[in-house]
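What follows is a set of notes on a single structure, which appears directly below.
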Amino acid sequence: MKSLDPQLTVIIPSWNGKQLLRHCLESLRLQTRPAAVLVVDNGSGDGTEEMLGREFPEVRCFRFPANQGFARAVNQGIRLTDTPFLALLNNDTEADPRWVEAGLRAFQQHREFSFFACRMVNFRHRECLDSAGDCYDRRGMPYKRGWGRPVQDYDRPEPVLGASAGAAFYRRDLFQRVGLFDEDFHTYLEDVEFSLRCQLAGHRCLYLPEAVVYHLEAASDPERADLESPGPEPGDPPRVFYSGNRVFWISRNRWLLMCLYQPWRNLPFLAYGWAHSALFHLLRAGFFGAFVRGLFAAWLRSPQALRKRAQLLRDRRISTAELCRLLREC
């Protein structure tokens with residue numbers, strides 16, 4: 001890796017994903033612009049720490065003794081760095097050689113934006129998008145903008161609701177203004193919550209089509225046993241991966257997002273969204289039990305979420321009408 005650029009640090013949370021992480025770090029060595037790299041290891045037991053010391057001595061590593069979740073790992077990485085710009089990157093990704101360069105250029109050219117979403121492309125089917133920014137609509141449904149669509153359909157920079165923390169760029173002072181990721185979310189949708197909090201505080205996100213990252217869908221999920229390496233499998237069509245772990249956390253955190261941000265006027269749409277999800281997991285996905293457990297866990301935390309909502313509403317910089325427009329346009 002080239003001599004470190006003091007402007008940008010790439011933070012990579014990782015848990016028992018040594019092979020994925022190796023591939024990710026190898027792609028960062030090929031960048032046209034250098035960056036510091038920090039891996040936050042969530043107590044991996046697969047030899048990740050030893051692999052880093054042996055194969056990537058230039059990479060800094062912080063290790064938790066046990067898995068603390070994605071949000072806490074990211075926050076620890078932010079605290080341990082001091083560069084003016086930050087990037088978050090999943091360990092199940094491969095960065096295009098000009099990814100860092102595109103992010104650094106965006107910070108200089110688009111000073112009115114505080115954070116940036118990348119063009120995340122399906123690793124195995126590189127003609128298809130994984131994400132062109134994050135969305136969250138008035139039914140309470142978070143989803144990837146452009147998922148499964150042809151890559152060329154999203155080739156223009158444009159404002160979006162938020163950025164997937166799987167590959168995103170942030171100005172450091174944004175975290176000083178709005179706070180870090182909400183650790184109550186533990187894992188999944190913490191990036192959607194952060195994006196909504198930023199929008200409420202008047203900070204905007206820009207989608208960068210030139211900042212390309214290839215993403216292997218849910219490869220870091222502990223229940224996904226069909227992936228031992230990030231190698232492509234020709235003929236396997238793009239699909240959304242479901243597991244009990246994933247359904248539990250997404251259901252739980254969707255409810256918390258609703259408590260924090262949804263305007264009361266959206267209640268009819270929310271009722272439809274939850275009914276649709278319940279039927280989907282009951283009749284098609286096969287994870288209805290995990291879905292219900294997630295809702296019960298969220299219900300127990302609802303009073304705390306509603307207290308946070310009151311503070312968010314006191315501090316917000318945009319009106320309820322503007323928030324509704326953001327959710328409706330997704």
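Note on naming: chains are A, B, ... as they come in the structure tokens, residues start from 1 per chain, ligands start from 1 in the order shown.
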- Task: For Ala66 (chain A), work out the shell of residues within 8 Å, counting only C-alpha atoms and skipping chain neighbours fewer than 2 positions away, then give it as a PyMOL selection string.
- Result: chain A and resi 42-44+64+68
- Message: as number ranges by chain, please: every residue in region 59-142 of chain A that DSSP puts in alpha helix (DSSP H).
- Response: A: 70-79, 99-109
Writing out the chosen residues with C-alpha atoms as a PDB file, in the first residue's frame:
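Contents of result22.pdb, freshly written:
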ATOM      1  CA  PHE A  70     -21.679  -3.320  13.881  1.00  0.00           C
ATOM      2  CA  ALA A  71     -22.684   0.052  15.320  1.00  0.00           C
ATOM      3  CA  ARG A  72     -20.329  -0.100  18.306  1.00  0.00           C
ATOM      4  CA  ALA A  73     -17.464  -1.327  16.132  1.00  0.00           C
ATOM      5  CA  VAL A  74     -17.936   1.589  13.731  1.00  0.00           C
ATOM      6  CA  ASN A  75     -18.115   4.085  16.588  1.00  0.00           C
ATOM      7  CA  GLN A  76     -14.904   2.741  18.088  1.00  0.00           C
ATOM      8  CA  GLY A  77     -13.213   3.157  14.730  1.00  0.00           C
ATOM      9  CA  ILE A  78     -14.386   6.765  14.467  1.00  0.00           C
ATOM     10  CA  ARG A  79     -13.061   7.519  17.960  1.00  0.00           C
ATOM     11  CA  TRP A  99     -12.946   4.268  -5.044  1.00  0.00           C
ATOM     12  CA  VAL A 100     -10.846   6.287  -2.591  1.00  0.00           C
ATOM     13  CA  GLU A 101      -9.983   8.791  -5.313  1.00  0.00           C
ATOM     14  CA  ALA A 102     -13.688   9.316  -6.076  1.00  0.00           C
ATOM     15  CA  GLY A 103     -14.473   9.937  -2.410  1.00  0.00           C
ATOM     16  CA  LEU A 104     -11.668  12.446  -1.901  1.00  0.00           C
ATOM     17  CA  ARG A 105     -12.704  14.306  -5.049  1.00  0.00           C
ATOM     18  CA  ALA A 106     -16.318  14.473  -3.856  1.00  0.00           C
ATOM     19  CA  PHE A 107     -15.302  16.060  -0.540  1.00  0.00           C
ATOM     20  CA  GLN A 108     -13.657  18.890  -2.472  1.00  0.00           C
ATOM     21  CA  GLN A 109     -16.213  19.322  -5.242  1.00  0.00           C
TER      22      GLN A 109
END
- Task: Run DSSP on the backbone and give me the residues of region 22-95 of chain A it puts in strand (DSSP E), as an NGL selection string.
- Result: :A and (36-41 or 60-63 or 85-89 or 93-95)
- Task: Could you give me, as a list in words, the residues within 9 Å of Tyr154 (chain A), counting only C-alpha atoms and dropping anything in the same chain fewer than 5 positions from it?
- Result: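 The residues that qualify are Arg119, Leu129, Ala132, Gly146, Arg149 and Pro209 of chain A.
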- Message: If we count only C-alpha atoms and set the cut-off at 8 Å, which residues sit around region 188-195 of chain A, ignoring sequence neighbours fewer than 5 positions away in its own chain? Please answer as a PyMOL selection string.
- Response: chain A and resi 70-71+134-136+142+161-165+180-183+246+249-250+253-254+257
- Task: Can you work out the spacing between CA of His23 (chain A) and CA of Phe175 (chain A) in Å, to one decimal?
- Result: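 Straight-line distance from CA of His23 (chain A) to CA of Phe175 (chain A) works out to 28.8 Å.
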- Nearest to Ala310 (chain A) among A:Tyr261, A:Trp147, A:Trp274, A:Phe169, with distances taken over only C-alpha atoms: which residue is it?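 Once distances to Ala310 (chain A) are computed over only C-alpha atoms, the minimum belongs to A:Tyr261.
What separates CA of Ala278 (chain A) from CA of Lys144 (chain A) is a distance of 19.9 Å.
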- Excluding same-chain residues fewer than 3 positions from Gln262 (chain A), what lies within 8 Å of it counting only C-alpha atoms, as a VMD selection string? chain A and resid 138 140 257 to 259 266
- Message: Counting only C-alpha atoms, which residue out of A:Cys24, A:Met141, A:Leu313, A:Ala117 sits closest to Gly273 (chain A)?
- Response: A:Met141
- Message: Give me the residues near Tyr214 (chain A) as a ChimeraX atom specification, where near means some atom within 10 Å (using only C-alpha atoms) and where sequence neighbours in that chain fewer than 4 positions away do not count.
- Response: /A:24,92-96,119-126,129-131,167
Those same residues - all heavy atoms - I'd like them written as a compact mmCIF listing (two decimals), in the first residue's frame.
# COMPACT_ATOMS: atom_id res chain seq x y z
N CYS A 24 -10.93 -7.95 0.64
CA CYS A 24 -11.23 -6.52 0.75
C CYS A 24 -9.95 -5.69 0.87
O CYS A 24 -9.77 -4.68 0.17
CB CYS A 24 -12.14 -6.29 1.95
SG CYS A 24 -12.56 -4.57 2.27
N ASP A 92 -17.08 -7.70 3.36
CA ASP A 92 -17.50 -8.54 2.23
C ASP A 92 -17.61 -7.73 0.94
O ASP A 92 -18.54 -7.88 0.16
CB ASP A 92 -18.81 -9.26 2.54
CG ASP A 92 -19.94 -8.31 2.95
OD1 ASP A 92 -19.72 -7.08 2.95
OD2 ASP A 92 -21.03 -8.81 3.29
N THR A 93 -16.62 -6.85 0.72
CA THR A 93 -16.63 -5.98 -0.45
C THR A 93 -15.28 -6.02 -1.15
O THR A 93 -14.27 -6.43 -0.60
CB THR A 93 -16.92 -4.52 -0.07
OG1 THR A 93 -15.92 -4.06 0.83
CG2 THR A 93 -18.29 -4.37 0.55
N GLU A 94 -15.30 -5.54 -2.39
CA GLU A 94 -14.09 -5.30 -3.17
C GLU A 94 -14.20 -3.88 -3.72
O GLU A 94 -15.15 -3.57 -4.45
CB GLU A 94 -13.97 -6.31 -4.31
CG GLU A 94 -12.83 -6.03 -5.28
CD GLU A 94 -12.95 -6.85 -6.55
OE1 GLU A 94 -13.36 -8.02 -6.47
OE2 GLU A 94 -12.65 -6.30 -7.64
N ALA A 95 -13.26 -3.03 -3.38
CA ALA A 95 -13.31 -1.65 -3.82
C ALA A 95 -12.64 -1.50 -5.19
O ALA A 95 -11.55 -2.01 -5.41
CB ALA A 95 -12.61 -0.74 -2.81
N ASP A 96 -13.33 -0.81 -6.10
CA ASP A 96 -12.73 -0.45 -7.37
C ASP A 96 -11.46 0.36 -7.11
O ASP A 96 -11.40 1.13 -6.14
CB ASP A 96 -13.73 0.36 -8.19
CG ASP A 96 -13.17 0.82 -9.52
OD1 ASP A 96 -13.24 0.03 -10.48
OD2 ASP A 96 -12.65 1.96 -9.58
N ARG A 119 -21.75 3.63 -5.36
CA ARG A 119 -22.43 2.69 -6.26
C ARG A 119 -21.98 1.27 -5.88
O ARG A 119 -20.87 0.85 -6.19
CB ARG A 119 -22.09 2.96 -7.72
CG ARG A 119 -23.00 2.15 -8.64
CD ARG A 119 -22.56 1.99 -10.09
NE ARG A 119 -22.06 3.15 -10.76
CZ ARG A 119 -22.46 3.58 -11.98
NH1 ARG A 119 -23.43 2.96 -12.61
NH2 ARG A 119 -21.90 4.61 -12.53
N MET A 120 -22.84 0.57 -5.15
CA MET A 120 -22.53 -0.80 -4.74
C MET A 120 -23.10 -1.76 -5.77
O MET A 120 -24.30 -1.73 -6.07
CB MET A 120 -23.10 -1.07 -3.34
CG MET A 120 -22.51 -0.15 -2.28
SD MET A 120 -23.09 -0.52 -0.60
CE MET A 120 -22.17 -2.02 -0.26
N VAL A 121 -22.23 -2.59 -6.31
CA VAL A 121 -22.57 -3.49 -7.41
C VAL A 121 -22.56 -4.92 -6.89
O VAL A 121 -21.73 -5.29 -6.05
CB VAL A 121 -21.55 -3.32 -8.57
CG1 VAL A 121 -21.83 -4.31 -9.71
CG2 VAL A 121 -21.57 -1.88 -9.08
N ASN A 122 -23.50 -5.74 -7.39
CA ASN A 122 -23.55 -7.15 -7.01
C ASN A 122 -22.22 -7.81 -7.39
O ASN A 122 -21.81 -7.79 -8.54
CB ASN A 122 -24.71 -7.83 -7.73
CG ASN A 122 -24.94 -9.25 -7.26
OD1 ASN A 122 -24.10 -10.12 -7.44
ND2 ASN A 122 -26.09 -9.48 -6.65
N PHE A 123 -21.57 -8.45 -6.41
CA PHE A 123 -20.25 -9.02 -6.64
C PHE A 123 -20.27 -10.09 -7.71
O PHE A 123 -19.38 -10.16 -8.56
CB PHE A 123 -19.71 -9.61 -5.32
CG PHE A 123 -18.27 -10.04 -5.39
CD1 PHE A 123 -17.27 -9.20 -4.95
CD2 PHE A 123 -17.92 -11.27 -5.92
CE1 PHE A 123 -15.93 -9.59 -5.03
CE2 PHE A 123 -16.59 -11.67 -6.01
CZ PHE A 123 -15.60 -10.82 -5.55
N ARG A 124 -21.27 -10.95 -7.69
CA ARG A 124 -21.32 -12.08 -8.60
C ARG A 124 -21.91 -11.73 -9.96
O ARG A 124 -21.69 -12.42 -10.94
CB ARG A 124 -22.12 -13.22 -7.98
CG ARG A 124 -21.40 -13.85 -6.79
CD ARG A 124 -22.29 -14.85 -6.13
NE ARG A 124 -21.54 -15.67 -5.19
CZ ARG A 124 -22.10 -16.45 -4.27
NH1 ARG A 124 -23.41 -16.49 -4.18
NH2 ARG A 124 -21.36 -17.16 -3.46
N HIS A 125 -22.72 -10.68 -9.99
CA HIS A 125 -23.41 -10.28 -11.23
C HIS A 125 -23.15 -8.79 -11.41
O HIS A 125 -23.96 -7.95 -11.02
CB HIS A 125 -24.90 -10.59 -11.14
CG HIS A 125 -25.18 -12.03 -10.90
ND1 HIS A 125 -25.36 -12.94 -11.92
CD2 HIS A 125 -25.29 -12.74 -9.76
CE1 HIS A 125 -25.56 -14.13 -11.42
NE2 HIS A 125 -25.52 -14.04 -10.11
N ARG A 126 -22.04 -8.47 -12.01
CA ARG A 126 -21.56 -7.09 -12.02
C ARG A 126 -22.29 -6.20 -13.01
O ARG A 126 -21.96 -5.03 -13.15
CB ARG A 126 -20.04 -7.08 -12.23
CG ARG A 126 -19.35 -7.84 -11.12
CD ARG A 126 -17.88 -7.58 -11.01
NE ARG A 126 -17.37 -8.24 -9.80
CZ ARG A 126 -16.16 -8.04 -9.30
NH1 ARG A 126 -15.33 -7.21 -9.90
NH2 ARG A 126 -15.79 -8.67 -8.20
N LEU A 129 -27.03 -3.78 -9.93
CA LEU A 129 -26.77 -2.98 -8.74
C LEU A 129 -27.11 -3.74 -7.47
O LEU A 129 -28.05 -4.53 -7.43
CB LEU A 129 -27.61 -1.71 -8.77
CG LEU A 129 -27.03 -0.49 -9.48
CD1 LEU A 129 -28.08 0.61 -9.54
CD2 LEU A 129 -25.77 0.01 -8.79
N ASP A 130 -26.34 -3.48 -6.45
CA ASP A 130 -26.70 -3.88 -5.09
C ASP A 130 -27.36 -2.70 -4.38
O ASP A 130 -28.35 -2.87 -3.67
CB ASP A 130 -25.47 -4.33 -4.32
CG ASP A 130 -25.77 -4.73 -2.89
OD1 ASP A 130 -26.16 -5.89 -2.67
OD2 ASP A 130 -25.65 -3.87 -1.99
N SER A 131 -26.82 -1.49 -4.57
CA SER A 131 -27.38 -0.32 -3.91
C SER A 131 -26.85 0.95 -4.57
O SER A 131 -25.67 1.05 -4.90
CB SER A 131 -27.00 -0.32 -2.42
OG SER A 131 -27.28 0.92 -1.82
N ALA A 167 -20.49 0.89 2.33
CA ALA A 167 -19.52 1.63 1.53
C ALA A 167 -20.00 3.07 1.46
O ALA A 167 -20.93 3.38 0.72
CB ALA A 167 -19.38 1.04 0.14
- Task: To one decimal in Å, tell me the separation between CA of Thr32 (chain A) and CA of Val59 (chain A).
- Result: 17.2 Å
Might you pull out every residue within 10 Å of Ala290 (chain A), with only C-alpha atoms counted and same-chain residues fewer than 4 positions away left off, and present them as a CSV table (one decimal) with N, CA, C and O atoms, in the first residue's frame?
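After the write, around_0.csv holds the following:
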chain,number,residue,atom,x,y,z
A,243,SER,N,-32.2,-15.0,6.9
A,243,SER,CA,-31.8,-15.9,7.9
A,243,SER,C,-32.6,-15.5,9.2
A,243,SER,O,-33.1,-14.4,9.3
A,244,GLY,N,-32.7,-16.4,10.2
A,244,GLY,CA,-33.4,-16.0,11.4
A,244,GLY,C,-32.7,-14.8,12.1
A,244,GLY,O,-33.4,-13.9,12.6
A,245,ASN,N,-31.4,-14.8,12.1
A,245,ASN,CA,-30.6,-13.7,12.7
A,245,ASN,C,-30.9,-12.4,12.0
A,245,ASN,O,-31.2,-11.4,12.6
A,246,ARG,N,-30.9,-12.4,10.7
A,246,ARG,CA,-31.1,-11.2,9.9
A,246,ARG,C,-32.6,-10.7,10.1
A,246,ARG,O,-32.8,-9.5,10.2
A,247,VAL,N,-33.5,-11.6,10.0
A,247,VAL,CA,-34.9,-11.2,10.1
A,247,VAL,C,-35.2,-10.6,11.5
A,247,VAL,O,-35.9,-9.6,11.6
A,248,PHE,N,-34.6,-11.2,12.5
A,248,PHE,CA,-34.8,-10.7,13.9
A,248,PHE,C,-34.4,-9.3,14.0
A,248,PHE,O,-35.1,-8.4,14.5
A,249,TRP,N,-33.1,-9.0,13.6
A,249,TRP,CA,-32.6,-7.7,13.8
A,249,TRP,C,-33.2,-6.6,12.9
A,249,TRP,O,-33.5,-5.5,13.4
A,250,ILE,N,-33.6,-7.0,11.7
A,250,ILE,CA,-34.2,-6.0,10.8
A,250,ILE,C,-35.6,-5.7,11.3
A,250,ILE,O,-36.0,-4.5,11.3
A,251,SER,N,-36.4,-6.7,11.7
A,251,SER,CA,-37.7,-6.5,12.3
A,251,SER,C,-37.7,-5.6,13.5
A,251,SER,O,-38.4,-4.6,13.6
A,252,ARG,N,-36.8,-5.9,14.4
A,252,ARG,CA,-36.6,-5.2,15.6
A,252,ARG,C,-36.2,-3.7,15.3
A,252,ARG,O,-36.9,-2.8,15.8
A,281,HIS,N,-43.3,-13.1,5.7
A,281,HIS,CA,-42.5,-14.0,6.5
A,281,HIS,C,-43.2,-15.3,6.9
A,281,HIS,O,-42.6,-16.4,7.1
A,286,GLY,N,-40.4,-17.8,5.4
A,286,GLY,CA,-40.3,-18.9,6.4
A,286,GLY,C,-39.6,-18.5,7.7
A,286,GLY,O,-39.1,-19.4,8.4
A,294,GLY,N,-38.4,-10.4,16.9
A,294,GLY,CA,-37.8,-9.1,16.7
A,294,GLY,C,-38.8,-8.0,17.1
A,294,GLY,O,-38.4,-7.0,17.7
A,295,LEU,N,-40.1,-8.1,16.8
A,295,LEU,CA,-41.1,-7.1,17.2
A,295,LEU,C,-41.2,-7.1,18.7
A,295,LEU,O,-41.4,-6.0,19.3
A,296,PHE,N,-41.2,-8.2,19.3
A,296,PHE,CA,-41.3,-8.2,20.8
A,296,PHE,C,-40.1,-7.5,21.4
A,296,PHE,O,-40.3,-6.7,22.4
- Query: Pick from A:Gln199, A:Thr187, A:Asn91, A:Ser14: nearest to Asp315 (chain A), with only C-alpha atoms counted?
  - Reply: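 Using only C-alpha atoms, the shortest distance to Asp315 (chain A) belongs to A:Gln199.
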- Message: Please determine, counting only C-alpha atoms, which residue among A:Phe62, A:Leu38, A:Ser277, A:Val292 has the shortest atom-to-atom distance to Ala87 (chain A).
- Response: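 Result for the nearest residue to Ala87 (chain A): A:Leu38.
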- Query: Which residue, A:Gln311, A:Ala271, A:Leu200, A:Phe288, has the smallest gap to Cys324 (chain A) when you use only C-alpha atoms?
  - Reply: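 The closest residue to Cys324 (chain A) is A:Leu200.
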